[in-house]
>>> print(open('coords20.cif').read())   # mmCIF, C-alpha atoms and all ligand atoms
data_query
#
loop_
_atom_site.label_atom_id
_atom_site.label_comp_id
_atom_site.auth_asym_id
_atom_site.auth_seq_id
_atom_site.Cartn_x
_atom_site.Cartn_y
_atom_site.Cartn_z
CA MET E 12 -12.58 12.23 8.57
CA ILE E 13 -12.27 8.48 8.35
CA ARG E 14 -13.37 6.15 11.11
CA THR E 15 -13.32 2.40 11.60
CA LEU E 16 -15.76 0.58 13.85
CA GLN E 17 -14.83 -2.87 15.14
CA LEU E 18 -13.00 -3.58 11.89
CA THR E 19 -11.67 -7.12 11.53
CA LYS E 20 -9.81 -8.86 8.72
CA SER E 21 -9.07 -12.57 8.47
CA PHE E 22 -7.70 -14.72 5.69
CA GLY E 23 -9.01 -18.22 6.39
CA GLU E 24 -8.01 -19.17 9.95
CA ARG E 25 -5.59 -16.27 10.29
CA THR E 26 -6.87 -13.01 11.78
CA LEU E 27 -4.65 -10.04 10.90
CA TRP E 28 -6.36 -7.51 13.18
CA GLN E 29 -9.58 -7.55 15.14
CA ASP E 30 -12.19 -5.01 16.29
CA VAL E 31 -10.08 -2.03 15.26
CA ASP E 32 -11.55 1.35 16.23
CA LEU E 33 -9.61 4.19 14.67
CA THR E 34 -10.46 7.80 13.90
CA VAL E 35 -8.37 10.01 11.62
CA PRO E 36 -9.80 13.54 11.64
CA THR E 37 -9.35 15.87 8.67
CA GLY E 38 -6.01 17.63 9.14
CA GLU E 39 -4.32 14.69 10.86
CA MET E 40 -1.86 12.00 9.88
CA LEU E 41 -1.93 8.44 11.20
CA ALA E 42 1.03 6.06 10.80
CA LEU E 43 0.40 2.32 10.49
CA VAL E 44 3.40 0.35 11.73
CA GLY E 45 4.16 -3.30 12.49
CA PRO E 46 6.34 -6.09 11.14
CA SER E 47 6.23 -7.19 7.53
CA GLY E 48 3.11 -9.26 6.95
CA SER E 49 1.21 -7.83 9.94
CA GLY E 50 -1.51 -6.33 7.77
CA LYS E 51 -0.72 -2.64 7.15
CA THR E 52 -1.35 -2.76 3.40
CA THR E 53 -4.47 -4.84 3.96
CA LEU E 54 -5.82 -2.19 6.35
CA LEU E 55 -5.07 0.56 3.80
CA ASN E 56 -6.80 -1.49 1.12
CA CYS E 57 -9.86 -1.90 3.33
CA LEU E 58 -9.96 1.87 4.01
CA GLY E 59 -9.72 2.47 0.25
CA LEU E 60 -12.49 -0.07 -0.43
CA LEU E 61 -10.13 -2.18 -2.52
CA GLU E 62 -10.61 -5.09 -0.14
CA LYS E 63 -13.56 -6.10 2.01
CA PRO E 64 -13.10 -6.33 5.77
CA SER E 65 -14.35 -9.58 7.33
CA SER E 66 -16.56 -7.58 9.70
CA GLY E 67 -17.03 -4.07 11.04
CA ASP E 68 -17.66 -0.75 9.34
CA ILE E 69 -15.81 2.23 7.89
CA LEU E 70 -17.29 5.71 8.03
CA HIS E 71 -16.14 8.56 5.81
CA ASP E 72 -17.48 11.93 6.97
CA GLY E 73 -20.35 10.04 8.59
CA THR E 74 -21.21 7.87 5.57
CA ARG E 75 -20.96 4.13 6.12
CA ILE E 76 -18.86 3.41 3.04
CA THR E 77 -18.56 -0.31 3.80
CA ARG E 78 -22.25 -0.61 2.87
CA LEU E 79 -21.81 0.90 -0.62
CA GLY E 80 -22.43 -1.17 -3.76
CA ALA E 81 -19.87 -1.46 -6.56
CA GLY E 82 -20.95 1.83 -8.21
CA GLY E 83 -20.92 3.72 -4.91
CA ARG E 84 -17.46 2.37 -4.10
CA ARG E 85 -16.16 3.52 -7.47
CA ARG E 86 -17.68 6.97 -6.99
CA PHE E 87 -16.22 7.22 -3.48
CA ARG E 88 -12.75 6.35 -4.76
CA ARG E 89 -13.00 8.79 -7.66
CA ALA E 90 -14.31 11.69 -5.57
CA HIS E 91 -12.44 11.32 -2.29
CA LEU E 92 -9.54 8.95 -2.40
CA GLY E 93 -5.89 9.61 -3.10
CA TYR E 94 -3.73 6.48 -3.14
CA LEU E 95 0.05 6.58 -3.09
CA PHE E 96 1.02 3.01 -4.00
CA GLN E 97 4.38 1.29 -3.75
CA ASN E 98 4.34 0.80 -7.54
CA TYR E 99 3.14 4.41 -8.24
CA ALA E 100 0.37 3.19 -10.63
CA LEU E 101 1.41 5.64 -13.34
CA MET E 102 0.80 5.35 -17.10
CA GLU E 103 4.38 4.69 -18.13
CA ASN E 104 4.05 5.37 -21.85
CA ALA E 105 2.38 8.73 -21.27
CA THR E 106 3.88 12.10 -20.40
CA ILE E 107 3.88 13.63 -16.94
CA ARG E 108 1.13 16.01 -18.05
CA GLU E 109 -1.06 13.17 -19.29
CA ASN E 110 -0.60 11.43 -15.96
CA LEU E 111 -1.59 14.56 -14.06
CA ASP E 112 -4.60 15.07 -16.37
CA VAL E 113 -6.10 11.90 -14.91
CA ALA E 114 -6.43 13.73 -11.58
CA GLY E 115 -7.49 17.13 -12.97
CA ARG E 116 -6.75 19.48 -15.85
CA ASP E 117 -6.01 22.72 -14.00
CA ARG E 118 -2.64 23.71 -15.49
CA LYS E 119 -1.84 26.11 -12.64
CA LEU E 120 -2.34 23.28 -10.18
CA HIS E 121 -0.12 21.04 -12.35
CA ALA E 122 2.65 23.64 -12.28
CA ARG E 123 2.36 24.17 -8.55
CA ALA E 124 2.42 20.43 -7.84
CA LEU E 125 5.42 19.79 -10.11
CA GLU E 126 7.29 22.69 -8.56
CA ARG E 127 6.56 21.27 -5.09
CA VAL E 128 8.05 17.87 -6.00
CA GLY E 129 11.09 19.34 -7.77
CA LEU E 130 9.97 18.55 -11.34
CA ALA E 131 8.98 22.04 -12.52
CA GLY E 132 8.70 22.47 -16.29
CA ARG E 133 9.01 18.77 -17.13
CA GLU E 134 5.36 18.18 -18.13
CA LYS E 135 6.20 16.88 -21.62
CA GLU E 136 8.63 14.18 -20.53
CA LYS E 137 7.63 10.53 -20.78
CA VAL E 138 7.27 8.73 -17.48
CA HIS E 139 9.15 5.56 -18.50
CA ARG E 140 12.34 7.61 -18.97
CA MET E 141 12.29 8.74 -15.36
CA SER E 142 13.96 7.14 -12.36
CA GLY E 143 12.05 5.25 -9.66
CA GLY E 144 12.32 8.19 -7.26
CA GLU E 145 11.15 10.65 -9.93
CA GLN E 146 8.18 8.43 -10.73
CA GLN E 147 7.29 8.35 -7.05
CA ARG E 148 7.35 12.16 -7.05
CA ILE E 149 5.07 12.29 -10.11
CA ALA E 150 2.62 10.10 -8.22
CA LEU E 151 2.77 12.61 -5.38
CA ALA E 152 2.18 15.52 -7.78
CA ARG E 153 -0.83 13.69 -9.21
CA LEU E 154 -2.17 13.30 -5.68
CA MET E 155 -1.82 17.07 -5.08
CA VAL E 156 -3.70 17.79 -8.32
CA LYS E 157 -6.55 15.49 -7.27
CA ARG E 158 -6.98 17.14 -3.84
CA PRO E 159 -8.58 14.12 -2.17
CA SER E 160 -10.18 14.24 1.27
CA LEU E 161 -8.52 10.94 2.23
CA VAL E 162 -4.94 9.99 1.38
CA LEU E 163 -3.73 6.41 1.80
CA ALA E 164 0.02 6.04 1.38
CA ASP E 165 1.88 2.72 1.33
CA GLU E 166 5.61 3.12 2.09
CA PRO E 167 5.61 6.48 0.29
CA THR E 168 9.30 7.13 0.93
CA GLY E 169 10.48 3.65 -0.07
CA ALA E 170 12.45 4.48 -3.23
CA LEU E 171 13.60 7.93 -2.15
CA ASP E 172 16.72 9.46 -0.62
CA GLU E 173 16.43 11.32 2.68
CA ASP E 174 15.72 14.78 1.21
CA ASN E 175 13.02 13.53 -1.13
CA GLY E 176 11.56 11.36 1.62
CA ARG E 177 11.30 14.49 3.76
CA MET E 178 9.66 16.34 0.87
CA VAL E 179 7.01 13.61 0.53
CA VAL E 180 6.17 13.73 4.22
CA ASP E 181 6.08 17.55 4.25
CA THR E 182 3.79 17.53 1.21
CA LEU E 183 1.45 15.02 2.84
CA ARG E 184 1.41 17.24 5.94
CA GLU E 185 0.52 20.24 3.78
CA MET E 186 -2.29 18.27 2.14
CA ALA E 187 -3.59 17.28 5.57
CA ARG E 188 -3.60 20.95 6.62
CA GLU E 189 -5.44 21.91 3.45
CA GLY E 190 -8.24 19.50 4.27
CA CYS E 191 -7.61 15.80 4.21
CA ALA E 192 -7.02 12.86 6.51
CA VAL E 193 -3.79 10.96 5.81
CA VAL E 194 -2.97 7.33 6.65
CA ILE E 195 0.58 6.10 5.99
CA ALA E 196 1.85 2.52 6.23
CA THR E 197 5.55 2.72 6.97
CA HIS E 198 8.67 1.01 8.32
CA ASN E 199 10.49 4.35 8.48
CA ASP E 200 10.94 5.88 11.95
CA ASP E 201 11.16 9.47 10.65
CA VAL E 202 7.90 9.08 8.75
CA ARG E 203 6.26 7.54 11.83
CA ASP E 204 7.46 10.40 14.04
CA SER E 205 6.06 12.96 11.59
CA CYS E 206 2.53 11.65 12.14
CA ASP E 207 0.08 12.72 14.84
CA ALA E 208 -0.69 9.20 15.97
CA VAL E 209 0.69 5.71 15.45
CA PHE E 210 -1.26 2.45 15.20
CA ASP E 211 0.71 -0.76 15.49
CA VAL E 212 -1.36 -3.31 13.55
CA SER E 213 0.32 -6.30 15.22
CA THR E 214 -0.28 -5.21 18.84
CA GLN E 215 -3.29 -3.02 17.95
CA ARG E 216 -1.92 -0.25 20.18
CA LEU E 217 -2.70 3.34 19.28
CA THR E 218 -0.28 5.97 20.58
CA ALA E 219 0.33 9.66 20.05
CA ALA E 220 3.55 10.26 18.10
CA VAL E 221 6.64 11.42 20.04
N1 LIG U 1 -5.72 -12.24 -0.67
C1 LIG U 1 -5.02 -12.79 0.32
N2 LIG U 1 -5.22 -14.06 0.69
C2 LIG U 1 -4.53 -14.63 1.71
N3 LIG U 1 -3.60 -13.97 2.43
C3 LIG U 1 -3.36 -12.69 2.12
C4 LIG U 1 -4.05 -12.03 1.04
N4 LIG U 1 -3.61 -10.75 0.97
C5 LIG U 1 -2.67 -10.64 1.94
N5 LIG U 1 -2.53 -11.78 2.63
C6 LIG U 1 -1.62 -12.01 3.76
O1 LIG U 1 -1.92 -11.10 4.80
C7 LIG U 1 -0.73 -10.74 5.49
C8 LIG U 1 -0.63 -9.23 5.60
O2 LIG U 1 -0.22 -8.67 4.36
P1 LIG U 1 0.05 -7.10 4.19
O3 LIG U 1 0.55 -6.90 2.82
O4 LIG U 1 -1.17 -6.38 4.61
O5 LIG U 1 1.19 -6.86 5.28
P2 LIG U 1 2.08 -5.56 5.53
O6 LIG U 1 2.07 -5.34 7.01
O7 LIG U 1 1.63 -4.47 4.67
O8 LIG U 1 3.50 -6.09 5.08
P3 LIG U 1 4.79 -5.29 4.48
O9 LIG U 1 5.31 -4.45 5.62
O10 LIG U 1 5.73 -6.41 4.14
O11 LIG U 1 4.33 -4.52 3.30
C9 LIG U 1 0.42 -11.39 4.73
O12 LIG U 1 0.82 -12.54 5.44
C10 LIG U 1 -0.17 -11.76 3.40
O13 LIG U 1 0.42 -12.89 2.85
#
>>> encode(input="coords20.cif", output="structure tokens", more="lines below")
Ligand SMILES: Nc1ncnc2c1ncn2[C@@H]1O[C@H](COP(=O)(O)OP(=O)(O)OP(=O)(O)O)[C@@H](O)[C@H]1O
Amino acid sequence: MIRTLQLTKSFGERTLWQDVDLTVPTGEMLALVGPSGSGKTTLLNCLGLLEKPSSGDILHDGTRITRLGAGGRRRFRRAHLGYLFQNYALMENATIRENLDVAGRDRKLHARALERVGLAGREKEKVHRMSGGEQQRIALARLMVKRPSLVLADEPTGALDEDNGRMVVDTLREMAREGCAVVIATHNDDVRDSCDAVFDVSTQRLTAAV
């Protein structure tokens, strides 16, 4: 479970969001919506301890992770965090298998994850030869291999067609069910409607999904 307490982020004079209180229990998915530039990615980055909030706290399973030092933050990210970035953050000159090895070396888990994302049996292929959508699916497979307790996804269906977009959302739902909290920044209405709750970062309204 991830929880924010009175979380605020400003850049100079400009406050993106203020005193945000959010709770995402294990097993649930929260969508972050709002116009471009409203601060969705910044909120994800704060939850992932990649950026410091201006004030407030973040609790992960009861631990106040905003108070951690640099080493503690690194350990938290390594042990608990799964990040699905817009740019995939893959090692492009390495094979799919080498990319999955970063998250864990269980070959059965590799096979299961690749099967789930429609890339079964392609472990030995180099990442740079693959299309944008395929690379996004490798990033998803790597996330499944890591089994994080918190997943932060930034426009995870951006480069994908409708079927693959659906597959990403279904996989994130499965991961939530298996024991993680999922937060997704998105402009996509289908992705938003697949979540349990929706937080609009510009109005700071939290609603249950339709
Ligand atoms: N380090 C920084 N210094 C100053 N301003 C920043 C910094 N990082 C982000 N911003 C600004 O904060 C605002 C929010 O950016 P963010 O990327 O969080 O928005 P977003 O809602 O994710 O947008 P999009 O939907 O386009 O991805 C933007 O106006 C951006 O320029």
>>> residues_near_ligand(input="coords20.cif", ligand="ligand LIG 1 (chain U)", cutoff="7 Å", atoms="all atoms listed in the file", output="JSON, numbers by chain")
{"E": [22, 27, 45, 46, 47, 48, 49, 50, 51, 52, 53, 54, 198]}
>>> residues_around(input="coords20.cif", residues="Ile149 of chain E", least_positions_apart="6", cutoff="10 Å", atoms="only C-alpha atoms", output="PDB file with C-alpha atoms, keeping the file's coordinate frame")
ATOM      1  CA  TYR E  99       3.140   4.410  -8.240  1.00  0.00           C
ATOM      2  CA  LEU E 101       1.410   5.640 -13.340  1.00  0.00           C
ATOM      3  CA  ILE E 107       3.880  13.630 -16.940  1.00  0.00           C
ATOM      4  CA  ARG E 108       1.130  16.010 -18.050  1.00  0.00           C
ATOM      5  CA  ASN E 110      -0.600  11.430 -15.960  1.00  0.00           C
ATOM      6  CA  LEU E 111      -1.590  14.560 -14.060  1.00  0.00           C
ATOM      7  CA  ALA E 124       2.420  20.430  -7.840  1.00  0.00           C
ATOM      8  CA  LEU E 125       5.420  19.790 -10.110  1.00  0.00           C
ATOM      9  CA  VAL E 128       8.050  17.870  -6.000  1.00  0.00           C
ATOM     10  CA  GLY E 129      11.090  19.340  -7.770  1.00  0.00           C
ATOM     11  CA  LEU E 130       9.970  18.550 -11.340  1.00  0.00           C
ATOM     12  CA  GLU E 134       5.360  18.180 -18.130  1.00  0.00           C
ATOM     13  CA  VAL E 138       7.270   8.730 -17.480  1.00  0.00           C
ATOM     14  CA  MET E 141      12.290   8.740 -15.360  1.00  0.00           C
ATOM     15  CA  GLY E 143      12.050   5.250  -9.660  1.00  0.00           C
ATOM     16  CA  MET E 155      -1.820  17.070  -5.080  1.00  0.00           C
TER      17      MET E 155
END
>>> closest_residue(input="coords20.cif", among="E:Ser213, E:Thr182, E:Thr74, E:Gln17", to="Val31 of chain E", atoms="all atoms listed in the file")
E:Gln17
>>> residues_around(input="coords20.cif", residues="segment 56-71 of chain E", least_positions_apart="5", cutoff="8 Å", atoms="only C-alpha atoms", output="ChimeraX atom specification")
/E:12-21,30,76-78,84,88,92,94,163
>>> write_last_selection(input="coords20.cif", atoms="C-alpha atoms", output="short mmCIF file (atom, residue, chain, number, x, y, z; two decimals), in the frame of the given file")
data_model
loop_
_atom_site.label_atom_id
_atom_site.label_comp_id
_atom_site.auth_asym_id
_atom_site.auth_seq_id
_atom_site.Cartn_x
_atom_site.Cartn_y
_atom_site.Cartn_z
CA MET E 12 -12.58 12.23 8.57
CA ILE E 13 -12.27 8.48 8.35
CA ARG E 14 -13.37 6.15 11.11
CA THR E 15 -13.32 2.40 11.60
CA LEU E 16 -15.76 0.58 13.85
CA GLN E 17 -14.83 -2.87 15.14
CA LEU E 18 -13.00 -3.58 11.89
CA THR E 19 -11.67 -7.12 11.53
CA LYS E 20 -9.81 -8.86 8.72
CA SER E 21 -9.07 -12.57 8.47
CA ASP E 30 -12.19 -5.01 16.29
CA ILE E 76 -18.86 3.41 3.04
CA THR E 77 -18.56 -0.31 3.80
CA ARG E 78 -22.25 -0.61 2.87
CA ARG E 84 -17.46 2.37 -4.10
CA ARG E 88 -12.75 6.35 -4.76
CA LEU E 92 -9.54 8.95 -2.40
CA TYR E 94 -3.73 6.48 -3.14
CA LEU E 163 -3.73 6.41 1.80
#
>>> atom_distance(input="coords20.cif", atom1="atom CA of Gly144 of chain E", atom2="atom CA of Leu95 of chain E")
13.1 Å
>>> atom_distance(input="coords20.cif", atom1="atom CA of Leu33 of chain E", atom2="atom CA of Ala150 of chain E")
26.6 Å
>>> closest_residue(input="coords20.cif", among="E:Thr218, E:Thr168, E:Gln147, E:Thr34", to="Asp72 of chain E", atoms="all atoms listed in the file")
E:Thr34
>>> atom_distance(input="coords20.cif", atom1="atom CA of Pro159 of chain E", atom2="atom CA of Met186 of chain E")
8.7 Å
>>> closest_residue(input="coords20.cif", among="E:Thr214, E:Thr37, E:Gln29, E:Asn199", to="Asp165 of chain E", atoms="only C-alpha atoms")
E:Asn199
>>> closest_atom_pairs(input="coords20.cif", of="segment 21-65 of chain E", to="segment 205-208 of chain E", cutoff="9 Å", atoms="only C-alpha atoms", output="CSV")
residue,atom,partner,partner_atom,distance
E:Val35,CA,E:Ala208,CA,8.9
E:Glu39,CA,E:Asp207,CA,6.3
E:Met40,CA,E:Cys206,CA,4.9
E:Leu41,CA,E:Ala208,CA,5.0
E:Ala42,CA,E:Cys206,CA,5.9
E:Leu43,CA,E:Ala208,CA,8.9
>>> residues_near_point(input="coords20.cif", point="(-7.6, 16.1, -12.7)", cutoff="9 Å", atoms="all atoms listed in the file", output="ChimeraX atom specification")
/E:111-117,121,153,156-158
>>> closest_residue(input="coords20.cif", among="E:Asp172, E:Asp32, E:Glu109, E:Asp181", to="Phe210 of chain E", atoms="all atoms listed in the file")
E:Asp32
